[in-house]
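Below: input23.pdb (PDB, C-alpha atoms)
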ATOM      1  CA  ARG F   1      20.999  35.064   1.487  1.00  0.00           C
ATOM      2  CA  PHE F   2      17.445  34.372   2.448  1.00  0.00           C
ATOM      3  CA  GLY F   3      16.012  31.147   3.868  1.00  0.00           C
ATOM      4  CA  SER F   4      17.195  27.905   2.388  1.00  0.00           C
ATOM      5  CA  VAL F   5      17.888  29.203  -1.121  1.00  0.00           C
ATOM      6  CA  ARG F   6      21.560  28.489  -1.884  1.00  0.00           C
ATOM      7  CA  ARG F   7      23.355  29.342  -5.084  1.00  0.00           C
ATOM      8  CA  GLU F   8      26.820  28.378  -6.137  1.00  0.00           C
ATOM      9  CA  ARG F   9      29.045  31.338  -6.866  1.00  0.00           C
ATOM     10  CA  SER F  10      30.538  31.618 -10.289  1.00  0.00           C
ATOM     11  CA  PRO F  11      34.037  33.079 -10.780  1.00  0.00           C
ATOM     12  CA  PRO F  12      34.085  36.834 -11.402  1.00  0.00           C
ATOM     13  CA  GLU F  13      34.028  37.911 -15.026  1.00  0.00           C
ATOM     14  CA  ASP F  14      37.251  39.175 -16.524  1.00  0.00           C
ATOM     15  CA  THR F  15      36.153  42.140 -18.662  1.00  0.00           C
ATOM     16  CA  SER F  16      39.675  43.279 -19.548  1.00  0.00           C
ATOM     17  CA  ARG F  17      40.075  40.595 -22.268  1.00  0.00           C
ATOM     18  CA  PRO F  18      37.161  39.812 -24.553  1.00  0.00           C
ATOM     19  CA  GLY F  19      36.073  36.203 -24.908  1.00  0.00           C
ATOM     20  CA  LEU F  20      37.508  35.056 -21.508  1.00  0.00           C
ATOM     21  CA  GLY F  21      34.483  35.797 -19.344  1.00  0.00           C
ATOM     22  CA  ARG F  22      31.495  33.505 -18.886  1.00  0.00           C
ATOM     23  CA  PRO F  23      30.099  32.053 -22.106  1.00  0.00           C
ATOM     24  CA  ALA F  24      27.149  33.967 -23.453  1.00  0.00           C
ATOM     25  CA  ALA F  25      23.674  32.645 -22.613  1.00  0.00           C
ATOM     26  CA  ALA F  26      21.811  30.790 -25.358  1.00  0.00           C
ATOM     27  CA  GLY F  27      19.567  33.731 -26.146  1.00  0.00           C
ATOM     28  CA  ALA F  28      21.940  36.526 -25.175  1.00  0.00           C
ATOM     29  CA  LEU F  29      23.779  37.285 -28.416  1.00  0.00           C
ATOM     30  CA  GLY F  30      22.386  34.923 -31.019  1.00  0.00           C
ATOM     31  CA  ALA F  31      22.929  34.945 -34.757  1.00  0.00           C
ATOM     32  CA  MET F  32      20.412  37.756 -35.211  1.00  0.00           C
ATOM     33  CA  GLY F  33      22.035  39.941 -32.526  1.00  0.00           C
ATOM     34  CA  ALA F  34      19.055  39.823 -30.156  1.00  0.00           C
ATOM     35  CA  ASN F  35      19.043  41.781 -26.892  1.00  0.00           C
ATOM     36  CA  LYS F  36      20.025  40.192 -23.547  1.00  0.00           C
ATOM     37  CA  VAL F  37      17.324  38.551 -21.437  1.00  0.00           C
ATOM     38  CA  VAL F  38      16.056  41.039 -18.837  1.00  0.00           C
ATOM     39  CA  GLN F  39      17.026  39.984 -15.281  1.00  0.00           C
ATOM     40  CA  LYS F  40      14.739  40.306 -12.274  1.00  0.00           C
ATOM     41  CA  SER F  41      15.316  43.225  -9.921  1.00  0.00           C
ATOM     42  CA  LYS F  42      16.744  42.586  -6.449  1.00  0.00           C
ATOM     43  CA  GLU F  43      13.316  43.209  -4.892  1.00  0.00           C
ATOM     44  CA  ALA F  44      11.671  40.632  -7.179  1.00  0.00           C
ATOM     45  CA  LYS F  45      14.394  38.058  -6.421  1.00  0.00           C
ATOM     46  CA  MET F  46      14.028  38.646  -2.682  1.00  0.00           C
ATOM     47  CA  LYS F  47      10.247  38.341  -2.886  1.00  0.00           C
ATOM     48  CA  ALA F  48      10.541  35.040  -4.801  1.00  0.00           C
ATOM     49  CA  ALA F  49      13.045  33.668  -2.280  1.00  0.00           C
ATOM     50  CA  MET F  50      10.802  34.591   0.662  1.00  0.00           C
ATOM     51  CA  ALA F  51       7.720  33.049  -0.964  1.00  0.00           C
ATOM     52  CA  GLY F  52       9.594  29.829  -1.799  1.00  0.00           C
ATOM     53  CA  GLY F  53      10.847  29.435   1.776  1.00  0.00           C
ATOM     54  CA  ARG F  54       7.373  29.692   3.244  1.00  0.00           C
ATOM     55  CA  SER F  55       5.835  26.898   1.201  1.00  0.00           C
ATOM     56  CA  LYS F  56       8.622  24.351   1.851  1.00  0.00           C
ATOM     57  CA  LYS F  57       8.582  24.375   5.670  1.00  0.00           C
ATOM     58  CA  LYS F  58       9.270  20.958   7.201  1.00  0.00           C
ATOM     59  CA  LYS F  59       6.313  19.380   8.927  1.00  0.00           C
ATOM     60  CA  TRP F  60       7.300  17.399  12.010  1.00  0.00           C
ATOM     61  CA  ALA F  61       5.712  14.018  12.590  1.00  0.00           C
ATOM     62  CA  LYS F  62       3.747  13.772  15.811  1.00  0.00           C
ATOM     63  CA  GLY F  63       5.487  11.480  18.305  1.00  0.00           C
ATOM     64  CA  LYS F  64       3.800   8.408  19.683  1.00  0.00           C
ATOM     65  CA  VAL F  65       1.551   9.248  22.631  1.00  0.00           C
ATOM     66  CA  LYS F  66       1.923   6.835  25.526  1.00  0.00           C
ATOM     67  CA  GLU F  67      -1.265   5.591  27.133  1.00  0.00           C
ATOM     68  CA  LYS F  68      -1.910   7.060  30.561  1.00  0.00           C
ATOM     69  CA  LEU F  69      -2.238   4.322  33.183  1.00  0.00           C
ATOM     70  CA  ALA F  70      -4.944   4.798  35.812  1.00  0.00           C
ATOM     71  CA  ASN F  71      -3.223   2.782  38.549  1.00  0.00           C
ATOM     72  CA  MET F  72      -4.589   2.691  42.089  1.00  0.00           C
ATOM     73  CA  VAL F  73      -2.699   4.513  44.838  1.00  0.00           C
ATOM     74  CA  MET F  74      -4.105   2.393  47.671  1.00  0.00           C
ATOM     75  CA  PHE F  75      -5.105  -1.235  48.126  1.00  0.00           C
ATOM     76  CA  ASP F  76      -8.780  -2.109  48.365  1.00  0.00           C
ATOM     77  CA  LYS F  77      -9.913  -5.416  49.893  1.00  0.00           C
ATOM     78  CA  ALA F  78     -10.180  -7.252  46.538  1.00  0.00           C
ATOM     79  CA  THR F  79      -6.731  -6.139  45.336  1.00  0.00           C
ATOM     80  CA  TYR F  80      -5.123  -6.984  48.692  1.00  0.00           C
ATOM     81  CA  ASP F  81      -6.595 -10.498  48.588  1.00  0.00           C
ATOM     82  CA  LYS F  82      -5.439 -10.947  44.991  1.00  0.00           C
ATOM     83  CA  MET F  83      -1.935  -9.807  46.001  1.00  0.00           C
ATOM     84  CA  MET F  84      -1.770 -12.244  48.919  1.00  0.00           C
ATOM     85  CA  LYS F  85      -2.924 -15.113  46.671  1.00  0.00           C
ATOM     86  CA  GLU F  86      -1.125 -14.496  43.325  1.00  0.00           C
ATOM     87  CA  ILE F  87       2.154 -12.670  43.964  1.00  0.00           C
ATOM     88  CA  PRO F  88       3.816 -15.302  46.246  1.00  0.00           C
ATOM     89  CA  LYS F  89       3.231 -17.915  43.479  1.00  0.00           C
ATOM     90  CA  ALA F  90       5.135 -15.889  40.853  1.00  0.00           C
ATOM     91  CA  LYS F  91       8.669 -16.941  39.951  1.00  0.00           C
ATOM     92  CA  LEU F  92       9.984 -13.371  39.563  1.00  0.00           C
ATOM     93  CA  ILE F  93       8.692 -10.600  41.810  1.00  0.00           C
ATOM     94  CA  THR F  94       9.707  -6.977  41.208  1.00  0.00           C
ATOM     95  CA  PRO F  95       7.847  -3.692  41.766  1.00  0.00           C
ATOM     96  CA  ALA F  96       7.197  -3.526  38.004  1.00  0.00           C
ATOM     97  CA  VAL F  97       5.618  -7.010  37.931  1.00  0.00           C
ATOM     98  CA  VAL F  98       3.407  -6.272  40.957  1.00  0.00           C
ATOM     99  CA  SER F  99       2.385  -2.879  39.522  1.00  0.00           C
ATOM    100  CA  GLU F 100       1.494  -4.439  36.155  1.00  0.00           C
ATOM    101  CA  ARG F 101      -0.491  -7.368  37.555  1.00  0.00           C
ATOM    102  CA  LEU F 102      -2.451  -5.552  40.267  1.00  0.00           C
ATOM    103  CA  LYS F 103      -2.733  -2.163  38.486  1.00  0.00           C
ATOM    104  CA  VAL F 104      -1.237  -0.275  41.429  1.00  0.00           C
ATOM    105  CA  ASN F 105       1.309   2.536  41.692  1.00  0.00           C
ATOM    106  CA  GLY F 106       5.044   1.745  41.899  1.00  0.00           C
ATOM    107  CA  SER F 107       5.292   2.989  45.496  1.00  0.00           C
ATOM    108  CA  VAL F 108       2.315   0.801  46.508  1.00  0.00           C
ATOM    109  CA  ALA F 109       3.951  -2.173  44.760  1.00  0.00           C
ATOM    110  CA  ARG F 110       7.188  -1.645  46.728  1.00  0.00           C
ATOM    111  CA  GLN F 111       5.274  -1.559  50.004  1.00  0.00           C
ATOM    112  CA  ALA F 112       3.353  -4.695  49.018  1.00  0.00           C
ATOM    113  CA  ILE F 113       6.633  -6.529  48.375  1.00  0.00           C
ATOM    114  CA  ARG F 114       7.994  -5.377  51.757  1.00  0.00           C
ATOM    115  CA  HIS F 115       4.767  -6.585  53.407  1.00  0.00           C
ATOM    116  CA  LEU F 116       5.031 -10.036  51.759  1.00  0.00           C
ATOM    117  CA  GLU F 117       8.700 -10.304  52.774  1.00  0.00           C
ATOM    118  CA  GLU F 118       7.884  -9.538  56.427  1.00  0.00           C
ATOM    119  CA  LYS F 119       5.235 -12.263  56.381  1.00  0.00           C
ATOM    120  CA  GLY F 120       7.824 -14.713  54.987  1.00  0.00           C
ATOM    121  CA  LEU F 121       5.912 -15.457  51.772  1.00  0.00           C
ATOM    122  CA  ILE F 122       8.730 -14.311  49.445  1.00  0.00           C
ATOM    123  CA  GLN F 123      12.532 -14.037  49.719  1.00  0.00           C
ATOM    124  CA  VAL F 124      15.259 -11.838  48.218  1.00  0.00           C
ATOM    125  CA  VAL F 125      17.312 -13.080  45.272  1.00  0.00           C
ATOM    126  CA  GLY F 126      21.034 -12.304  45.679  1.00  0.00           C
ATOM    127  CA  GLU F 127      22.188  -9.321  47.761  1.00  0.00           C
ATOM    128  CA  LYS F 128      19.489  -6.907  48.858  1.00  0.00           C
ATOM    129  CA  SER F 129      19.784  -3.683  46.884  1.00  0.00           C
ATOM    130  CA  ALA F 130      17.644  -0.566  46.994  1.00  0.00           C
ATOM    131  CA  LYS F 131      18.232  -0.074  43.261  1.00  0.00           C
ATOM    132  CA  MET F 132      16.546  -3.266  42.104  1.00  0.00           C
ATOM    133  CA  LEU F 133      14.279  -5.248  44.377  1.00  0.00           C
ATOM    134  CA  ILE F 134      14.238  -8.813  43.021  1.00  0.00           C
ATOM    135  CA  TYR F 135      12.356 -11.482  44.921  1.00  0.00           C
ATOM    136  CA  THR F 136      11.147 -15.024  44.364  1.00  0.00           C
ATOM    137  CA  ARG F 137       8.686 -17.404  46.037  1.00  0.00           C
TER     138      ARG F 137
END

Serialized structure, structure tokens:
Amino acid sequence: RFGSVRRERSPPEDTSRPGLGRPAAAGALGAMGANKVVQKSKEAKMKAAMAGGRSKKKKWAKGKVKEKLANMVMFDKATYDKMMKEIPKAKLITPAVVSERLKVNGSVARQAIRHLEEKGLIQVVGEKSAKMLIYTR
């Protein structure tokens, strides 16, 4: 068996009793007594199977490419001022929100939140957890 070419097997012919094997092909033994149709050789069959497999190869769809974010890794004066002015006014403050609004790295956003908490501008919602830092004004 080669590639993806699959054939169903037919039951073996019973040659001991005439007329019980497979029915004769349409052009095999017609009314005029014509010769059987010549079958391809094993090499020809193999070559055909190999050629057919090559042309029907599955082409994979290219996955969606995510946009690369060019977030800052340090605060400059303008971003720091924006953080001090805007973030304490937000209803929900998480590292993801800070990172999205100020275009800074996640680690910088976490430090910014810690800084705002120390200054008393924001407070923790619920129990303090390292897994999910949720703050409010």

task = May I ask for the distance between atom CA of Leu116 of chain F and atom CA of Ile87 of chain F, given in Å to one decimal place?
result = 8.7 Å

ask   = atom CA of Lys119 of chain F and atom CA of Asn71 of chain F are how many Å apart?
value = 24.8 Å

inquiry  = Just to confirm, what's the straight-line distance from atom CA of Leu92 of chain F to atom CA of Glu67 of chain F in Å (one decimal)?
reply    =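 Between atom CA of Leu92 of chain F and atom CA of Glu67 of chain F the gap works out to 25.3 Å.
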
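Residue nearest Gly106 of chain F within the list F:Thr79, F:Gln123, F:Thr94, F:Ser41: F:Thr94 [criterion: smallest interatomic distance, only C-alpha atoms].
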
ask   = Of the residues F:Lys82, F:Lys59, F:Lys103, F:Arg114, which is the one nearest to Lys128 of chain F, using all atoms listed in the file?
value =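 Among F:Lys82, F:Lys59, F:Lys103, F:Arg114, it is F:Arg114 that comes nearest to Lys128 of chain F.
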
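The closest residue to Glu100 of chain F, picked from F:Tyr80, F:Met72, F:Trp60, F:Gly126 and counting only C-alpha atoms, is F:Met72.
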
Write out as a PDB file with C-alpha atoms, in the frame of the given file the residues lying within 9 Å of Met74 of chain F, counting all atoms listed in the file and excluding same-chain residues fewer than 5 positions away.
ATOM      1  CA  VAL F 104      -1.237  -0.275  41.429  1.00  0.00           C
ATOM      2  CA  ASN F 105       1.309   2.536  41.692  1.00  0.00           C
ATOM      3  CA  VAL F 108       2.315   0.801  46.508  1.00  0.00           C
TER       4      VAL F 108
END

task = Go through F:Val37, F:Met132, F:Ala48, F:Leu121 and flag the residue nearest Ala90 of chain F, using only C-alpha atoms for the distances.
result = F:Leu121

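When the distance limit is 10 Å and all atoms listed in the file are what count, the residues near Pro88 of chain F, minus those fewer than 6 positions from it on the same chain, are Ile113, Leu116, Glu117, Gly120, Leu121, Ile122, Gln123, Tyr135, Thr136 and Arg137 of chain F.
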
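Of the listed residues F:Lys40, F:Lys131, F:Lys77, F:Arg110, the one whose atoms come nearest to Ile93 of chain F is F:Arg110, with distances taken using only C-alpha atoms.
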